[in-house]
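K.L.:
Sharing entry.cif here; it has mmCIF, C-alpha atoms.
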```
data_query
loop_
_atom_site.group_PDB
_atom_site.id
_atom_site.type_symbol
_atom_site.label_atom_id
_atom_site.label_comp_id
_atom_site.auth_asym_id
_atom_site.auth_seq_id
_atom_site.Cartn_x
_atom_site.Cartn_y
_atom_site.Cartn_z
ATOM 1 C CA MET A 1 -106.380 124.500 80.280
ATOM 2 C CA SER A 2 -103.850 127.299 79.830
ATOM 3 C CA ILE A 3 -104.952 130.886 79.558
ATOM 4 C CA TYR A 4 -102.805 133.294 77.574
ATOM 5 C CA THR A 5 -103.174 136.976 78.370
ATOM 6 C CA ILE A 6 -102.478 139.445 75.607
ATOM 7 C CA ASN A 7 -100.873 142.522 77.085
ATOM 8 C CA SER A 8 -97.571 143.602 75.586
ATOM 9 C CA GLU A 9 -97.531 142.235 72.037
ATOM 10 C CA THR A 10 -96.629 144.500 69.154
ATOM 11 C CA GLU A 11 -99.656 145.895 67.317
ATOM 12 C CA LEU A 12 -100.087 144.580 63.769
ATOM 13 C CA ALA A 13 -99.089 147.577 61.643
ATOM 14 C CA GLY A 14 -101.561 148.386 58.889
ATOM 15 C CA GLY A 15 -103.321 145.048 59.224
ATOM 16 C CA SER A 16 -100.857 143.265 56.925
ATOM 17 C CA VAL A 17 -100.059 139.654 57.709
ATOM 18 C CA ALA A 18 -97.035 137.914 56.190
ATOM 19 C CA ASP A 19 -97.104 134.244 55.208
ATOM 20 C CA ALA A 20 -94.488 133.426 57.859
ATOM 21 C CA ASP A 21 -96.445 135.137 60.680
ATOM 22 C CA GLU A 22 -97.820 132.696 63.232
ATOM 23 C CA LEU A 23 -101.133 132.467 65.029
ATOM 24 C CA VAL A 24 -101.496 130.791 68.423
ATOM 25 C CA ILE A 25 -104.385 128.315 68.737
ATOM 26 C CA TYR A 26 -105.626 126.032 71.473
ATOM 27 C CA ASP A 27 -106.093 122.370 70.519
ATOM 28 C CA ALA A 28 -109.020 121.327 72.721
ATOM 29 C CA ASP A 29 -108.616 117.589 72.016
ATOM 30 C CA ALA A 30 -104.940 117.519 73.013
ATOM 31 C CA ALA A 31 -105.301 120.274 75.647
ATOM 32 C CA VAL A 32 -102.209 122.089 74.336
ATOM 33 C CA THR A 33 -101.419 125.422 72.765
ATOM 34 C CA LYS A 34 -100.034 125.243 69.220
ATOM 35 C CA LYS A 35 -98.938 127.669 66.522
ATOM 36 C CA VAL A 36 -99.815 127.744 62.839
ATOM 37 C CA ALA A 37 -98.239 129.830 60.054
ATOM 38 C CA MET A 38 -100.452 132.163 58.043
ATOM 39 C CA ASP A 39 -99.514 130.500 54.738
ATOM 40 C CA SER A 40 -101.106 127.282 56.059
ATOM 41 C CA ILE A 41 -104.262 129.158 57.045
ATOM 42 C CA ARG A 42 -104.460 130.899 53.658
ATOM 43 C CA GLN A 43 -104.166 127.533 51.924
ATOM 44 C CA PHE A 44 -107.424 126.438 53.572
ATOM 45 C CA VAL A 45 -109.424 129.674 53.783
ATOM 46 C CA GLY A 46 -107.946 131.679 50.911
ATOM 47 C CA GLY A 47 -107.438 135.373 50.865
ATOM 48 C CA GLY A 48 -104.825 137.813 49.833
ATOM 49 C CA LEU A 49 -103.445 139.082 46.583
ATOM 50 C CA VAL A 50 -100.215 138.069 44.859
ATOM 51 C CA THR A 51 -98.986 140.479 42.184
ATOM 52 C CA VAL A 52 -96.762 138.962 39.506
ATOM 53 C CA LEU A 53 -93.955 141.217 38.302
ATOM 54 C CA ALA A 54 -91.943 138.474 36.576
ATOM 55 C CA SER A 55 -92.476 134.900 35.386
ATOM 56 C CA ASP A 56 -93.204 132.524 38.270
ATOM 57 C CA ALA A 57 -94.003 128.915 39.126
ATOM 58 C CA LEU A 58 -97.236 128.871 41.152
ATOM 59 C CA THR A 59 -97.306 126.865 44.396
ATOM 60 C CA ALA A 60 -100.148 125.718 46.629
ATOM 61 C CA ALA A 61 -98.632 127.446 49.666
ATOM 62 C CA GLU A 62 -98.266 130.841 48.016
ATOM 63 C CA HIS A 63 -101.000 130.968 45.358
ATOM 64 C CA ALA A 64 -103.848 128.479 45.994
ATOM 65 C CA GLY A 65 -106.974 130.175 47.295
ATOM 66 C CA ARG A 66 -105.544 133.614 46.542
ATOM 67 C CA THR A 67 -105.847 135.910 43.549
ATOM 68 C CA THR A 68 -102.704 136.191 41.442
ATOM 69 C CA VAL A 69 -102.597 139.191 39.114
ATOM 70 C CA PHE A 70 -100.401 140.028 36.178
ATOM 71 C CA GLY A 71 -98.982 143.412 37.133
ATOM 72 C CA VAL A 72 -96.260 144.076 34.557
ATOM 73 C CA LEU A 73 -96.731 145.643 31.117
ATOM 74 C CA THR A 74 -93.998 143.579 29.462
ATOM 75 C CA GLY A 75 -95.564 140.130 29.897
ATOM 76 C CA ALA A 76 -94.907 137.182 32.184
ATOM 77 C CA THR A 77 -95.432 133.415 32.325
ATOM 78 C CA LEU A 78 -97.191 131.583 35.172
ATOM 79 C CA THR A 79 -96.614 127.848 35.441
ATOM 80 C CA LEU A 80 -99.200 125.862 37.409
ATOM 81 C CA PRO A 81 -98.163 122.992 39.692
ATOM 82 C CA ALA A 82 -98.810 119.477 38.386
ATOM 83 C CA ALA A 83 -102.522 118.579 38.571
ATOM 84 C CA THR A 84 -103.077 115.782 41.095
ATOM 85 C CA GLY A 85 -106.695 116.289 42.201
ATOM 86 C CA THR A 86 -106.072 118.461 45.278
ATOM 87 C CA GLY A 87 -109.079 120.709 44.633
ATOM 88 C CA ASP A 88 -106.817 123.765 44.945
ATOM 89 C CA ILE A 89 -108.217 126.861 43.242
ATOM 90 C CA TYR A 90 -106.006 129.369 41.425
ATOM 91 C CA LYS A 91 -107.562 132.712 40.448
ATOM 92 C CA ILE A 92 -105.669 134.760 37.888
ATOM 93 C CA GLY A 93 -106.486 138.327 36.915
ATOM 94 C CA VAL A 94 -105.047 141.071 34.752
ATOM 95 C CA ALA A 95 -104.258 144.318 36.596
ATOM 96 C CA LEU A 96 -102.383 145.939 33.679
ATOM 97 C CA THR A 97 -102.968 145.401 29.957
ATOM 98 C CA VAL A 98 -99.911 143.707 28.484
ATOM 99 C CA THR A 99 -98.203 146.003 25.961
ATOM 100 C CA SER A 100 -95.303 143.843 24.793
ATOM 101 C CA ASN A 101 -94.674 140.101 24.821
ATOM 102 C CA ASP A 102 -97.569 138.027 26.280
ATOM 103 C CA TYR A 103 -99.228 136.939 29.503
ATOM 104 C CA ILE A 104 -98.969 133.151 29.518
ATOM 105 C CA VAL A 105 -100.521 130.560 31.854
ATOM 106 C CA GLN A 106 -99.279 127.018 31.307
ATOM 107 C CA VAL A 107 -99.367 123.596 32.927
ATOM 108 C CA ALA A 108 -96.315 121.985 34.534
ATOM 109 C CA ASN A 109 -95.897 119.008 32.220
ATOM 110 C CA ALA A 110 -96.889 117.377 28.930
ATOM 111 C CA THR A 111 -99.594 115.279 30.659
ATOM 112 C CA ASP A 112 -101.770 118.030 32.193
ATOM 113 C CA GLU A 113 -104.483 119.785 30.181
ATOM 114 C CA PHE A 114 -107.315 122.305 30.564
ATOM 115 C CA LEU A 115 -111.003 121.300 30.552
ATOM 116 C CA GLY A 116 -113.786 123.897 30.476
ATOM 117 C CA THR A 117 -114.540 127.161 28.695
ATOM 118 C CA LEU A 118 -113.318 130.743 28.471
ATOM 119 C CA LEU A 119 -115.688 133.458 27.275
ATOM 120 C CA GLN A 120 -114.359 136.490 25.441
ATOM 121 C CA THR A 121 -115.922 139.870 24.731
ATOM 122 C CA ASP A 122 -114.808 141.712 21.592
ATOM 123 C CA THR A 123 -114.514 145.200 23.079
ATOM 124 C CA ASP A 124 -113.578 147.252 19.997
ATOM 125 C CA THR A 125 -117.034 148.137 18.651
ATOM 126 C CA THR A 126 -119.258 145.072 18.480
ATOM 127 C CA ASP A 127 -119.129 143.713 22.065
ATOM 128 C CA THR A 128 -119.658 140.294 20.473
ATOM 129 C CA LEU A 129 -119.154 137.241 22.687
ATOM 130 C CA ALA A 130 -116.973 134.309 21.707
ATOM 131 C CA SER A 131 -116.647 130.988 23.526
ATOM 132 C CA TYR A 132 -113.486 128.886 23.564
ATOM 133 C CA PRO A 133 -114.014 125.337 24.869
ATOM 134 C CA CYS A 134 -111.317 122.944 26.048
ATOM 135 C CA LEU A 135 -112.626 119.420 25.630
ATOM 136 C CA ASP A 136 -111.079 116.180 26.845
ATOM 137 C CA GLY A 137 -108.492 115.143 24.309
ATOM 138 C CA ASP A 138 -107.941 118.641 22.827
ATOM 139 C CA GLY A 139 -104.597 118.725 24.596
ATOM 140 C CA PHE A 140 -104.817 122.451 25.371
ATOM 141 C CA ASP A 141 -102.275 123.236 28.076
ATOM 142 C CA THR A 142 -101.298 126.858 27.429
ATOM 143 C CA ILE A 143 -103.169 130.181 27.512
ATOM 144 C CA THR A 144 -101.437 133.000 25.620
ATOM 145 C CA MET A 145 -102.916 136.488 26.044
ATOM 146 C CA ASN A 146 -101.375 139.085 23.717
ATOM 147 C CA GLY A 147 -103.023 142.335 24.901
ATOM 148 C CA THR A 148 -105.311 142.564 21.868
ATOM 149 C CA THR A 149 -107.073 139.691 20.078
ATOM 150 C CA LYS A 150 -106.418 136.922 22.654
ATOM 151 C CA GLY A 151 -107.021 138.714 25.941
ATOM 152 C CA GLY A 152 -104.496 140.142 28.350
ATOM 153 C CA LEU A 153 -106.533 143.313 28.871
ATOM 154 C CA LEU A 154 -107.299 145.003 32.180
ATOM 155 C CA GLY A 155 -110.056 143.098 34.002
ATOM 156 C CA ASP A 156 -109.540 139.649 32.478
ATOM 157 C CA SER A 157 -110.210 136.867 34.989
ATOM 158 C CA ILE A 158 -109.463 133.128 34.877
ATOM 159 C CA VAL A 159 -110.169 130.436 37.496
ATOM 160 C CA LEU A 160 -108.321 127.107 37.453
ATOM 161 C CA VAL A 161 -109.200 124.155 39.704
ATOM 162 C CA ASP A 162 -106.994 121.074 40.161
ATOM 163 C CA ILE A 163 -109.786 118.482 39.706
ATOM 164 C CA ALA A 164 -107.864 115.258 38.967
ATOM 165 C CA ALA A 165 -104.507 113.896 37.939
ATOM 166 C CA GLY A 166 -103.661 115.611 34.661
ATOM 167 C CA MET A 167 -106.803 117.810 34.644
ATOM 168 C CA TRP A 168 -107.265 121.529 35.300
ATOM 169 C CA GLN A 169 -110.855 122.780 35.154
ATOM 170 C CA ILE A 170 -110.895 126.263 33.619
ATOM 171 C CA SER A 171 -113.495 129.020 33.543
ATOM 172 C CA GLY A 172 -113.353 132.742 33.132
ATOM 173 C CA HIS A 173 -113.789 135.806 31.009
ATOM 174 C CA ILE A 174 -111.262 137.653 28.889
ATOM 175 C CA ASN A 175 -111.546 140.734 26.691
ATOM 176 C CA GLY A 176 -110.139 141.322 23.246
ATOM 177 C CA ASN A 177 -110.219 143.826 20.442
ATOM 178 C CA GLY A 178 -109.818 143.396 16.728
ATOM 179 C CA THR A 179 -110.496 139.977 15.236
ATOM 180 C CA VAL A 180 -110.641 137.946 18.451
ATOM 181 C CA ALA A 181 -109.053 134.522 18.558
ATOM 182 C CA THR A 182 -108.647 131.611 20.956
ATOM 183 C CA PRO A 183 -105.885 132.002 23.551
ATOM 184 C CA PHE A 184 -105.559 128.189 23.874
ATOM 185 C CA SER A 185 -102.823 126.043 22.421
ATOM 186 C CA ALA A 186 -100.920 122.816 23.086
ATOM 187 C CA GLY A 187 -97.542 124.294 23.882
ATOM 188 C CA VAL A 188 -96.024 122.401 26.818
#
```
Go ahead and render the structure in this file as structure tokens.
P.N.:
Amino acid sequence: MSIYTINSETELAGGSVADADELVIYDADAAVTKKVAMDSIRQFVGGGLVTVLASDALTAAEHAGRTTVFGVLTGATLTLPAATGTGDIYKIGVALTVTSNDYIVQVANATDEFLGTLLQTDTDTTDTLASYPCLDGDGFDTITMNGTTKGGLLGDSIVLVDIAAGMWQISGHINGNGTVATPFSAGV
């Protein structure tokens, strides 16, 4: 068994760890020292925040197990990877209320669809709750949040789980004001 002594390594500044940073581990079965990149660790244990400032295609390595937040006032589109049943979890939040265009979350292809329910609170005066189900066969594959009636307000939160080929389980809570409406459509 090898022993590694830590003595002159550079201190991790501010506690931030980049995806490409590597961690040294000891493989007891093989009796060897190995290295693993932080993006691989995050994929299994989660953690970290990814702020979206422009439209982006989500990937397992960068986004699964982490919270991705919309952080631009002018809207953006997030495209999920194809659903294959990996069990990967994608958490999406709204850090800034969209003021122009829309926040959009969509599937990668015409086969994938959402299954589950989003709850919405009408925040203008009534605080009424609305429920928007996605049932098998509805074909809903796009969430469009407009900053008013369909969500896209500060604090909105959506969780998507890759549960099977072609199927994304969805849950979450969005806010709206005015005459609230479903954010779901079949758009891909």
K.L.:
For atom CA of A:Thr144 and atom CA of A:Asp102, determine how far apart the two atoms are, in Å to one decimal place.
P.N.:
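One can read the atom CA of A:Thr144 to atom CA of A:Asp102 distance as 6.4 Å.
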K.L.:
Identify which of the residues A:Phe114, A:Tyr90, A:Phe70, A:Phe140 lies closest to A:Ala165, counting only C-alpha atoms when measuring atom-to-atom distances.
P.N.:
A:Phe114
K.L.:
Could you pull the residues within 9 Å of stretch 127-131 of chain A, counting all atoms listed in the file, minus those fewer than 6 positions along the same chain, as a count of residues only?
P.N.:
8
K.L.:
Spell out the residues picked by the PyMOL selection byres ((chain A and resi 63) around 10) here, as JSON, numbers by chain.
P.N.:
{"A": [39, 42, 43, 46, 47, 48, 49, 50, 57, 58, 59, 60, 61, 62, 64, 65, 66, 67, 68, 80, 88, 89, 90, 91, 92]}
K.L.:
Between atom CA of A:Ala110 and atom CA of A:Asp56, what distance in Å does the model show, to one decimal?
P.N.:
18.2 Å
K.L.:
Rounded to one decimal, what separation in Å do you get between atom CA of A:Gly147 and atom CA of A:Met167?
P.N.:
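So the answer is 26.7 Å.
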K.L.:
Just say which residues the PyMOL selection byres ((chain A and resi 104) around 8) picks in this file, as JSON, numbers by chain.
P.N.:
{"A": [75, 76, 77, 78, 102, 103, 105, 106, 142, 143, 144, 145]}
K.L.:
List, as a ChimeraX atom specification, every residue that the PyMOL selection byres ((chain A and resi 157-160) around 8) selects in the file provided.
P.N.:
/A:89-94,118,155-156,161-162,168-174
K.L.:
Between A:Pro81, A:Gly87, A:Pro183, A:Gly151, which one has atoms that come closest to A:Cys134, using only C-alpha atoms?
P.N.:
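The shortest atom-to-atom distance to A:Cys134 comes from A:Pro183.
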K.L.:
Please determine, counting all atoms listed in the file, which residue among A:Thr51, A:Asn175, A:Thr79, A:Thr125 has the shortest atom-to-atom distance to A:Asn146.
P.N.:
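Nearest candidate to A:Asn146 out of A:Thr51, A:Asn175, A:Thr79, A:Thr125: A:Asn175.
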K.L.:
Taking only C-alpha atoms into account, which of A:Leu154, A:Leu73, A:Ala83, A:Ala28 comes nearest A:Asn109?
P.N.:
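The shortest atom-to-atom distance to A:Asn109 comes from A:Ala83.
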K.L.:
Could you write stretch 70-92 of chain A as a CSV table (one decimal), in the coordinates of the input, with N, CA, C and O atoms rebuilt where they are missing?
P.N.:
```csv
chain,number,residue,atom,x,y,z
A,70,PHE,N,-101.5,139.6,37.0
A,70,PHE,CA,-100.4,140.0,36.2
A,70,PHE,C,-100.3,141.5,36.4
A,70,PHE,O,-101.3,142.3,36.2
A,71,GLY,N,-99.2,142.0,36.8
A,71,GLY,CA,-99.0,143.4,37.1
A,71,GLY,C,-97.8,144.0,36.5
A,71,GLY,O,-97.1,144.9,37.0
A,72,VAL,N,-97.4,143.6,35.3
A,72,VAL,CA,-96.3,144.1,34.6
A,72,VAL,C,-96.6,144.2,33.1
A,72,VAL,O,-97.3,143.3,32.5
A,73,LEU,N,-96.3,145.4,32.5
A,73,LEU,CA,-96.7,145.6,31.1
A,73,LEU,C,-96.0,144.8,30.1
A,73,LEU,O,-96.5,144.6,29.0
A,74,THR,N,-94.8,144.3,30.4
A,74,THR,CA,-94.0,143.6,29.5
A,74,THR,C,-94.2,142.1,29.4
A,74,THR,O,-93.3,141.4,28.9
A,75,GLY,N,-95.3,141.6,30.0
A,75,GLY,CA,-95.6,140.1,29.9
A,75,GLY,C,-94.9,139.3,31.0
A,75,GLY,O,-93.9,139.7,31.6
A,76,ALA,N,-95.4,138.1,31.2
A,76,ALA,CA,-94.9,137.2,32.2
A,76,ALA,C,-95.6,135.8,31.9
A,76,ALA,O,-96.6,135.7,31.3
A,77,THR,N,-94.9,134.8,32.4
A,77,THR,CA,-95.4,133.4,32.3
A,77,THR,C,-95.7,132.8,33.7
A,77,THR,O,-94.8,132.9,34.6
A,78,LEU,N,-96.9,132.3,33.9
A,78,LEU,CA,-97.2,131.6,35.2
A,78,LEU,C,-97.3,130.1,34.9
A,78,LEU,O,-98.0,129.7,33.9
A,79,THR,N,-96.6,129.3,35.6
A,79,THR,CA,-96.6,127.8,35.4
A,79,THR,C,-97.3,127.2,36.6
A,79,THR,O,-96.9,127.4,37.8
A,80,LEU,N,-98.4,126.5,36.4
A,80,LEU,CA,-99.2,125.9,37.4
A,80,LEU,C,-98.4,124.7,38.0
A,80,LEU,O,-97.6,124.1,37.3
A,81,PRO,N,-98.7,124.3,39.2
A,81,PRO,CA,-98.2,123.0,39.7
A,81,PRO,C,-98.8,121.8,38.9
A,81,PRO,O,-99.9,122.0,38.3
A,82,ALA,N,-98.2,120.7,39.0
A,82,ALA,CA,-98.8,119.5,38.4
A,82,ALA,C,-100.2,119.2,39.0
A,82,ALA,O,-100.4,119.3,40.2
A,83,ALA,N,-101.2,118.9,38.1
A,83,ALA,CA,-102.5,118.6,38.6
A,83,ALA,C,-102.6,117.2,39.2
A,83,ALA,O,-102.2,116.2,38.5
A,84,THR,N,-103.0,117.1,40.4
A,84,THR,CA,-103.1,115.8,41.1
A,84,THR,C,-104.4,115.5,41.7
A,84,THR,O,-104.6,114.5,42.3
A,85,GLY,N,-105.4,116.5,41.6
A,85,GLY,CA,-106.7,116.3,42.2
A,85,GLY,C,-106.8,116.8,43.6
A,85,GLY,O,-107.6,116.4,44.4
A,86,THR,N,-106.0,117.9,43.9
A,86,THR,CA,-106.1,118.5,45.3
A,86,THR,C,-107.3,119.3,45.5
A,86,THR,O,-107.7,119.6,46.7
A,87,GLY,N,-108.0,119.8,44.5
A,87,GLY,CA,-109.1,120.7,44.6
A,87,GLY,C,-108.6,122.1,44.8
A,87,GLY,O,-109.5,123.0,45.0
A,88,ASP,N,-107.3,122.4,44.8
A,88,ASP,CA,-106.8,123.8,44.9
A,88,ASP,C,-107.3,124.6,43.8
A,88,ASP,O,-107.4,124.2,42.7
A,89,ILE,N,-107.7,125.9,44.2
A,89,ILE,CA,-108.2,126.9,43.2
A,89,ILE,C,-107.2,128.0,43.0
A,89,ILE,O,-106.7,128.5,44.0
A,90,TYR,N,-106.9,128.3,41.8
A,90,TYR,CA,-106.0,129.4,41.4
A,90,TYR,C,-106.8,130.4,40.6
A,90,TYR,O,-107.3,130.1,39.5
A,91,LYS,N,-106.9,131.6,41.1
A,91,LYS,CA,-107.6,132.7,40.4
A,91,LYS,C,-106.5,133.6,39.9
A,91,LYS,O,-105.6,134.0,40.6
A,92,ILE,N,-106.6,133.9,38.6
A,92,ILE,CA,-105.7,134.8,37.9
A,92,ILE,C,-106.4,135.9,37.2
A,92,ILE,O,-107.4,135.7,36.5
```
